[in-house]
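What follows is the content of work.pdb (PDB, C-alpha atoms).
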ATOM      1  CA  MET A 582       0.000   0.000   0.000
ATOM      2  CA  SER A 583       1.382   3.397  -0.939
ATOM      3  CA  ILE A 584       0.357   6.827   0.117
ATOM      4  CA  ASP A 585       0.527   9.696  -2.357
ATOM      5  CA  VAL A 586       1.866  12.834  -0.738
ATOM      6  CA  PRO A 587       1.148  16.016  -2.673
ATOM      7  CA  ALA A 588       4.165  18.131  -3.516
ATOM      8  CA  PRO A 589       4.546  21.438  -1.709
ATOM      9  CA  GLU A 590       3.060  24.439  -3.504
ATOM     10  CA  ASP A 591       6.420  26.183  -4.016
ATOM     11  CA  SER A 592       8.226  23.222  -5.597
ATOM     12  CA  THR A 593       9.015  23.443  -9.287
ATOM     13  CA  ASP A 594       8.440  20.632 -11.720
ATOM     14  CA  PRO A 595      11.822  19.699 -13.260
ATOM     15  CA  LEU A 596      10.055  18.670 -16.472
ATOM     16  CA  GLN A 597       8.461  22.092 -16.933
ATOM     17  CA  PRO A 598      10.672  24.595 -18.759
ATOM     18  CA  GLU A 599      11.766  27.745 -16.989
ATOM     19  CA  LEU A 600       9.865  30.634 -18.519
ATOM     20  CA  VAL A 601      10.907  34.214 -19.041
ATOM     21  CA  GLU A 602       7.793  36.284 -18.548
ATOM     22  CA  GLY A 603       6.835  39.557 -20.105
ATOM     23  CA  LEU A 604       3.856  41.871 -20.124
ATOM     24  CA  ALA A 605       1.938  42.650 -23.276
ATOM     25  CA  ARG A 606      -1.197  44.570 -24.178
ATOM     26  CA  VAL A 607      -3.831  43.264 -26.579
ATOM     27  CA  VAL A 608      -4.102  45.787 -29.430
ATOM     28  CA  ALA A 609      -6.311  43.902 -31.891
ATOM     29  CA  VAL A 610      -8.374  40.755 -32.170
ATOM     30  CA  GLU A 611      -8.832  39.165 -35.602
ATOM     31  CA  GLY A 612     -10.767  35.920 -35.575
ATOM     32  CA  ARG A 613      -8.851  33.397 -33.477
ATOM     33  CA  LEU A 614      -5.758  35.619 -33.226
ATOM     34  CA  ALA A 615      -5.030  38.309 -30.687
ATOM     35  CA  TRP A 616      -2.307  40.805 -31.633
ATOM     36  CA  LEU A 617      -0.152  41.896 -28.725
ATOM     37  CA  GLU A 618       2.457  44.585 -28.193
ATOM     38  CA  PRO A 619       5.061  44.150 -25.483
ATOM     39  CA  GLU A 620       4.858  46.752 -22.739
ATOM     40  CA  GLN A 621       7.878  48.863 -22.004
ATOM     41  CA  THR A 622       8.986  48.589 -18.422
ATOM     42  CA  THR A 623      10.191  51.554 -16.392
ATOM     43  CA  SER A 624      13.790  50.499 -17.049
ATOM     44  CA  CYS A 625      13.309  50.507 -20.843
ATOM     45  CA  GLY A 626      15.458  53.122 -22.485
ATOM     46  CA  GLY A 627      17.977  53.134 -19.660
ATOM     47  CA  CYS A 628      20.053  50.078 -20.502
ATOM     48  CA  ALA A 629      22.959  49.639 -22.895
ATOM     49  CA  ALA A 630      20.828  47.671 -25.388
ATOM     50  CA  SER A 631      17.954  50.150 -25.567
ATOM     51  CA  GLY A 632      19.020  51.310 -29.012
ATOM     52  CA  LEU A 633      18.617  47.779 -30.357
ATOM     53  CA  CYS A 634      15.417  46.662 -28.648
ATOM     54  CA  GLY A 635      13.152  49.386 -29.977
ATOM     55  CA  ALA A 636      13.100  51.706 -26.977
ATOM     56  CA  LYS A 637      15.004  54.332 -28.979
ATOM     57  CA  GLY A 638      15.780  54.806 -32.637
ATOM     58  CA  ILE A 639      14.353  56.054 -35.887
ATOM     59  CA  GLY A 640      10.614  56.668 -36.076
ATOM     60  CA  THR A 641       7.934  57.272 -33.545
ATOM     61  CA  THR A 642       7.301  55.161 -30.503
ATOM     62  CA  ALA A 643       4.076  53.923 -32.076
ATOM     63  CA  SER A 644       5.816  52.702 -35.227
ATOM     64  CA  ARG A 645       8.525  50.929 -33.209
ATOM     65  CA  LEU A 646       5.931  49.178 -31.036
ATOM     66  CA  GLU A 647       3.919  48.214 -34.110
ATOM     67  CA  MET A 648       7.007  46.495 -35.515
ATOM     68  CA  ARG A 649       7.219  44.440 -32.312
ATOM     69  CA  ARG A 650       3.606  43.182 -32.483
ATOM     70  CA  PHE A 651       3.124  39.454 -32.351
ATOM     71  CA  PRO A 652       0.119  37.148 -32.787
ATOM     72  CA  LEU A 653      -1.169  34.778 -30.161
ATOM     73  CA  VAL A 654      -3.932  32.192 -30.525
ATOM     74  CA  ASN A 655      -6.841  33.687 -28.607
ATOM     75  CA  ASP A 656      -8.072  30.636 -26.695
ATOM     76  CA  ALA A 657      -8.458  32.772 -23.551
ATOM     77  CA  HIS A 658     -10.967  35.119 -25.262
ATOM     78  CA  LEU A 659      -8.832  38.222 -24.772
ATOM     79  CA  ALA A 660     -10.226  41.660 -25.497
ATOM     80  CA  VAL A 661      -8.532  44.765 -26.868
ATOM     81  CA  GLY A 662      -6.836  46.734 -24.091
ATOM     82  CA  GLU A 663      -6.260  43.806 -21.723
ATOM     83  CA  ARG A 664      -2.819  43.312 -20.172
ATOM     84  CA  VAL A 665      -1.538  39.756 -20.229
ATOM     85  CA  VAL A 666       1.543  37.880 -19.106
ATOM     86  CA  VAL A 667       3.232  35.832 -21.809
ATOM     87  CA  GLY A 668       6.148  33.453 -21.395
ATOM     88  CA  VAL A 669       8.944  32.132 -23.568
ATOM     89  CA  ASP A 670      11.084  29.118 -22.719
ATOM     90  CA  ALA A 671      14.409  30.355 -21.298
ATOM     91  CA  ARG A 672      16.317  27.610 -23.141
ATOM     92  CA  ALA A 673      14.797  28.760 -26.430
ATOM     93  CA  LEU A 674      15.982  32.298 -25.697
ATOM     94  CA  LEU A 675      19.485  30.956 -25.095
ATOM     95  CA  LYS A 676      19.349  29.104 -28.415
ATOM     96  CA  ALA A 677      18.111  32.239 -30.170
ATOM     97  CA  SER A 678      20.804  34.470 -28.696
ATOM     98  CA  GLY A 679      23.467  31.901 -29.536
ATOM     99  CA  THR A 680      22.150  31.724 -33.079
ATOM    100  CA  ALA A 681      22.041  35.501 -33.449
ATOM    101  CA  TYR A 682      25.378  36.367 -31.830
ATOM    102  CA  ALA A 683      27.676  33.400 -31.239
ATOM    103  CA  LEU A 684      27.164  31.636 -34.573
ATOM    104  CA  PRO A 685      28.200  34.574 -36.829
ATOM    105  CA  LEU A 686      31.045  35.520 -34.502
ATOM    106  CA  GLY A 687      32.315  31.946 -34.278
ATOM    107  CA  ILE A 688      32.240  31.456 -38.055
ATOM    108  CA  MET A 689      33.988  34.807 -38.595
ATOM    109  CA  LEU A 690      36.753  34.065 -36.090
ATOM    110  CA  GLY A 691      37.158  30.506 -37.326
ATOM    111  CA  ALA A 692      37.476  31.652 -40.936
ATOM    112  CA  GLY A 693      40.000  34.305 -39.897
ATOM    113  CA  GLY A 694      42.052  31.802 -37.934
ATOM    114  CA  VAL A 695      42.180  29.347 -40.819
ATOM    115  CA  ALA A 696      43.081  32.126 -43.282
ATOM    116  CA  GLN A 697      45.849  33.404 -41.027
ATOM    117  CA  TRP A 698      47.212  29.882 -40.566
ATOM    118  CA  ILE A 699      47.145  29.114 -44.321
ATOM    119  CA  ALA A 700      48.006  32.477 -45.908
ATOM    120  CA  GLY A 701      49.708  34.387 -43.112
ATOM    121  CA  SER A 702      48.596  37.684 -44.667
ATOM    122  CA  ASP A 703      46.631  40.287 -42.742
ATOM    123  CA  GLY A 704      44.776  41.457 -45.863
ATOM    124  CA  ILE A 705      43.659  37.965 -46.788
ATOM    125  CA  THR A 706      42.724  37.266 -43.174
ATOM    126  CA  MET A 707      40.618  40.439 -43.008
ATOM    127  CA  ALA A 708      38.819  39.637 -46.275
ATOM    128  CA  THR A 709      38.210  36.065 -45.136
ATOM    129  CA  MET A 710      36.823  37.289 -41.806
ATOM    130  CA  LEU A 711      34.375  39.580 -43.623
ATOM    131  CA  ALA A 712      33.308  36.687 -45.839
ATOM    132  CA  GLY A 713      32.994  34.492 -42.735
ATOM    133  CA  LEU A 714      30.810  37.122 -41.078
ATOM    134  CA  GLY A 715      28.536  37.142 -44.134
ATOM    135  CA  VAL A 716      28.267  33.358 -44.069
ATOM    136  CA  GLY A 717      27.656  33.487 -40.313
ATOM    137  CA  LEU A 718      24.837  35.997 -40.717
ATOM    138  CA  LEU A 719      23.208  33.792 -43.363
ATOM    139  CA  ALA A 720      23.588  30.781 -41.067
ATOM    140  CA  ALA A 721      22.002  32.799 -38.239
ATOM    141  CA  ARG A 722      19.079  33.698 -40.478
ATOM    142  CA  TRP A 723      18.534  30.043 -41.390
ATOM    143  CA  GLY A 724      18.870  29.036 -37.743
ATOM    144  CA  ALA A 725      16.311  31.629 -36.673
ATOM    145  CA  ARG A 726      13.876  30.411 -39.308
ATOM    146  CA  TRP A 727      14.384  26.843 -38.114
ATOM    147  CA  LEU A 728      13.728  27.833 -34.482
ATOM    148  CA  GLY A 729      10.670  29.822 -35.545
ATOM    149  CA  ALA A 730       9.312  26.992 -37.687
ATOM    150  CA  ARG A 731       9.578  24.600 -34.741
ATOM    151  CA  GLY A 732       7.599  27.060 -32.600
ATOM    152  CA  GLN A 733      10.302  27.292 -29.947
ATOM    153  CA  LEU A 734      10.289  31.084 -29.879
ATOM    154  CA  ALA A 735       6.526  31.497 -29.842
ATOM    155  CA  PRO A 736       5.259  33.212 -26.701
ATOM    156  CA  ARG A 737       2.617  31.410 -24.653
ATOM    157  CA  PHE A 738      -0.311  32.963 -22.849
ATOM    158  CA  LEU A 739       0.169  32.432 -19.116
ATOM    159  CA  ARG A 740      -2.449  34.596 -17.426
ATOM    160  CA  ARG A 741      -4.142  37.955 -17.349
ATOM    161  CA  ALA A 742      -1.937  40.542 -15.633
ATOM    162  CA  SER A 743      -2.962  41.967 -12.294
ATOM    163  CA  ALA A 744      -3.155  45.729 -11.782
ATOM    164  CA  GLY A 745       0.381  46.387 -10.556
ATOM    165  CA  GLU A 746       2.167  43.394 -12.051
ATOM    166  CA  THR A 747       5.626  43.831 -13.521
ATOM    167  CA  CYS A 748       7.929  41.493 -15.468
ATOM    168  CA  ARG A 749       9.797  38.737 -13.649
ATOM    169  CA  ILE A 750      11.631  35.496 -14.377
ATOM    170  CA  GLU A 751       9.763  32.497 -13.047
TER
END

Output the structure of this file as structure tokens.
Amino acid sequence: MSIDVPAPEDSTDPLQPELVEGLARVVAVEGRLAWLEPEQTTSCGGCAASGLCGAKGIGTTASRLEMRRFPLVNDAHLAVGERVVVGVDARALLKASGTAYALPLGIMLGAGGVAQWIAGSDGITMATMLAGLGVGLLAARWGARWLGARGQLAPRFLRRASAGETCRIE
């Protein structure tokens, strides 16, 4: 005879992926799709990467946010104006950042190292590194498409946001 003991409330399931959470606002509903825009937190615009993430740059704030819109299947019957919490698998974000940054850099440095070893000329090494960067950027594009096609980067609806809720890593 065995007795099932329920797990404590605060324990995490090791089979469940760690999620990075973010807040988004529903801006449109079209059929079964809800279109969301990520909300800027109070720290947006103050970090070193703000120029790359859309917090600053060319165009108006509205056009930059519109470029960041993403669709979500509207199984939760969301309405325009609602704030929701969405999550993305932390491992998928690591894969995506490795694909976007490490892959092109690794191919560029590898090509430069091989060129320097074979030719021993700085000019040839520099040209080979530029070619390697181009190949690395193409490889990153293909890798991003592959991750996107597998659905690994798709955000998931977690819950409706409470009044004062802010972003956190779960």

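Matched in the shown structure by the PyMOL selection byres ((chain A and resi 693) around 6): A:Leu690, A:Gly691, A:Ala692, A:Gly694, A:Val695, A:Ala696, A:Thr706, A:Thr709, A:Met710.
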
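Note on the selection: in this file the PyMOL selection byres ((chain A and resi 735) around 10) comes out as Phe651, Pro652, Leu653, Val667, Gly668, Val669, Asp670, Ala673, Leu728, Gly729, Ala730, Arg731, Gly732, Gln733, Leu734, Pro736, Arg737 and Phe738 of chain A.
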
Atom pair CA of Glu618 (chain A) / CA of Ala742 (chain A): separation (Å):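 CA of Ala742 (chain A) lies at a distance of 13.9 Å from CA of Glu618 (chain A).
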
CA of Leu600 (chain A) to CA of Ala720 (chain A), distance in Å rounded to a single decimal: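 CA of Ala720 (chain A) lies at a distance of 26.4 Å from CA of Leu600 (chain A).
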
Point-to-point distance from CA of Ser702 (chain A) to CA of Gly717 (chain A), Å rounded to tenths: 21.8 Å

Using the chain letters and numbers from the file, give me the residues hit by the PyMOL selection byres ((chain A and resi 619) around 7), as a PDB file with C-alpha atoms, in the coordinates of the input.
ATOM      1  CA  LEU A 604       3.856  41.871 -20.124  1.00  0.00           C
ATOM      2  CA  ALA A 605       1.938  42.650 -23.276  1.00  0.00           C
ATOM      3  CA  ARG A 606      -1.197  44.570 -24.178  1.00  0.00           C
ATOM      4  CA  LEU A 617      -0.152  41.896 -28.725  1.00  0.00           C
ATOM      5  CA  GLU A 618       2.457  44.585 -28.193  1.00  0.00           C
ATOM      6  CA  GLU A 620       4.858  46.752 -22.739  1.00  0.00           C
ATOM      7  CA  GLN A 621       7.878  48.863 -22.004  1.00  0.00           C
TER       8      GLN A 621
END

Test item: residues at most 9 Å from Leu659 (chain A), all atoms listed in the file, excluding those fewer than 2 positions along its chain, as JSON, numbers by chain: {"A": [607, 610, 615, 655, 656, 657, 661, 662, 663, 665, 741]}

Among the residues A:Ile688, A:Val608, A:Leu711, A:Ala681, the one that comes closest to Ala660 (chain A) [using only C-alpha atoms]: A:Val608

Selected residue, from A:Arg740, A:Arg613, A:Arg722, A:His658, that lies nearest to Tyr682 (chain A) when counting all atoms listed in the file: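 The shortest atom-to-atom distance to Tyr682 (chain A) comes from A:Arg722.
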
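Using all atoms listed in the file, the nearest neighbour of Gly679 (chain A) within the list A:Met707, A:Val654, A:Ala721, A:Leu714 is A:Ala721.
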
Any chance you could model all heavy atoms for region 703-714 of chain A and send them as a CSV table (one decimal), in the frame of the given file?
chain,number,residue,atom,x,y,z
A,703,ASP,N,47.7,39.6,-43.4
A,703,ASP,CA,46.6,40.3,-42.7
A,703,ASP,C,45.5,40.7,-43.7
A,703,ASP,O,44.3,40.6,-43.3
A,703,ASP,CB,47.2,41.5,-42.1
A,703,ASP,CG,48.1,41.2,-40.9
A,703,ASP,OD1,48.0,40.0,-40.4
A,703,ASP,OD2,48.8,42.1,-40.4
A,704,GLY,N,45.8,41.1,-44.9
A,704,GLY,CA,44.8,41.5,-45.9
A,704,GLY,C,43.9,40.3,-46.2
A,704,GLY,O,42.6,40.5,-46.3
A,705,ILE,N,44.5,39.2,-46.5
A,705,ILE,CA,43.7,38.0,-46.8
A,705,ILE,C,42.8,37.5,-45.6
A,705,ILE,O,41.7,37.2,-45.7
A,705,ILE,CB,44.6,36.8,-47.3
A,705,ILE,CG1,45.2,37.2,-48.6
A,705,ILE,CG2,43.8,35.5,-47.4
A,705,ILE,CD1,46.2,36.2,-49.2
A,706,THR,N,43.4,37.6,-44.4
A,706,THR,CA,42.7,37.3,-43.2
A,706,THR,C,41.5,38.2,-43.0
A,706,THR,O,40.4,37.7,-42.6
A,706,THR,CB,43.7,37.3,-42.0
A,706,THR,OG1,44.7,36.4,-42.2
A,706,THR,CG2,42.9,37.0,-40.7
A,707,MET,N,41.7,39.5,-43.2
A,707,MET,CA,40.6,40.4,-43.0
A,707,MET,C,39.5,40.2,-44.0
A,707,MET,O,38.3,40.2,-43.6
A,707,MET,CB,41.1,41.9,-43.2
A,707,MET,CG,40.1,42.9,-42.8
A,707,MET,SD,39.9,43.0,-41.1
A,707,MET,CE,41.1,44.2,-40.7
A,708,ALA,N,39.8,39.9,-45.3
A,708,ALA,CA,38.8,39.6,-46.3
A,708,ALA,C,38.1,38.3,-45.9
A,708,ALA,O,36.9,38.2,-46.1
A,708,ALA,CB,39.5,39.6,-47.6
A,709,THR,N,38.8,37.3,-45.5
A,709,THR,CA,38.2,36.1,-45.1
A,709,THR,C,37.3,36.2,-43.9
A,709,THR,O,36.2,35.6,-43.9
A,709,THR,CB,39.3,35.0,-44.9
A,709,THR,OG1,40.2,34.9,-46.0
A,709,THR,CG2,38.7,33.7,-44.6
A,710,MET,N,37.7,37.1,-43.0
A,710,MET,CA,36.8,37.3,-41.8
A,710,MET,C,35.5,38.0,-42.2
A,710,MET,O,34.4,37.6,-41.7
A,710,MET,CB,37.6,38.1,-40.7
A,710,MET,CG,38.6,37.3,-40.0
A,710,MET,SD,39.5,38.2,-38.8
A,710,MET,CE,38.3,38.2,-37.5
A,711,LEU,N,35.6,38.9,-43.1
A,711,LEU,CA,34.4,39.6,-43.6
A,711,LEU,C,33.5,38.6,-44.3
A,711,LEU,O,32.3,38.6,-44.2
A,711,LEU,CB,34.7,40.7,-44.5
A,711,LEU,CG,35.2,42.0,-43.8
A,711,LEU,CD1,35.7,43.0,-44.8
A,711,LEU,CD2,34.2,42.6,-42.9
A,712,ALA,N,34.1,37.7,-45.2
A,712,ALA,CA,33.3,36.7,-45.8
A,712,ALA,C,32.7,35.7,-44.8
A,712,ALA,O,31.5,35.3,-44.9
A,712,ALA,CB,34.2,35.9,-46.8
A,713,GLY,N,33.5,35.4,-43.8
A,713,GLY,CA,33.0,34.5,-42.7
A,713,GLY,C,31.8,35.1,-42.0
A,713,GLY,O,30.9,34.4,-41.6
A,714,LEU,N,31.9,36.4,-41.7
A,714,LEU,CA,30.8,37.1,-41.1
A,714,LEU,C,29.5,37.1,-41.9
A,714,LEU,O,28.5,36.8,-41.4
A,714,LEU,CB,31.2,38.6,-40.8
A,714,LEU,CG,30.1,39.4,-40.1
A,714,LEU,CD1,29.7,38.8,-38.8
A,714,LEU,CD2,30.6,40.9,-40.0
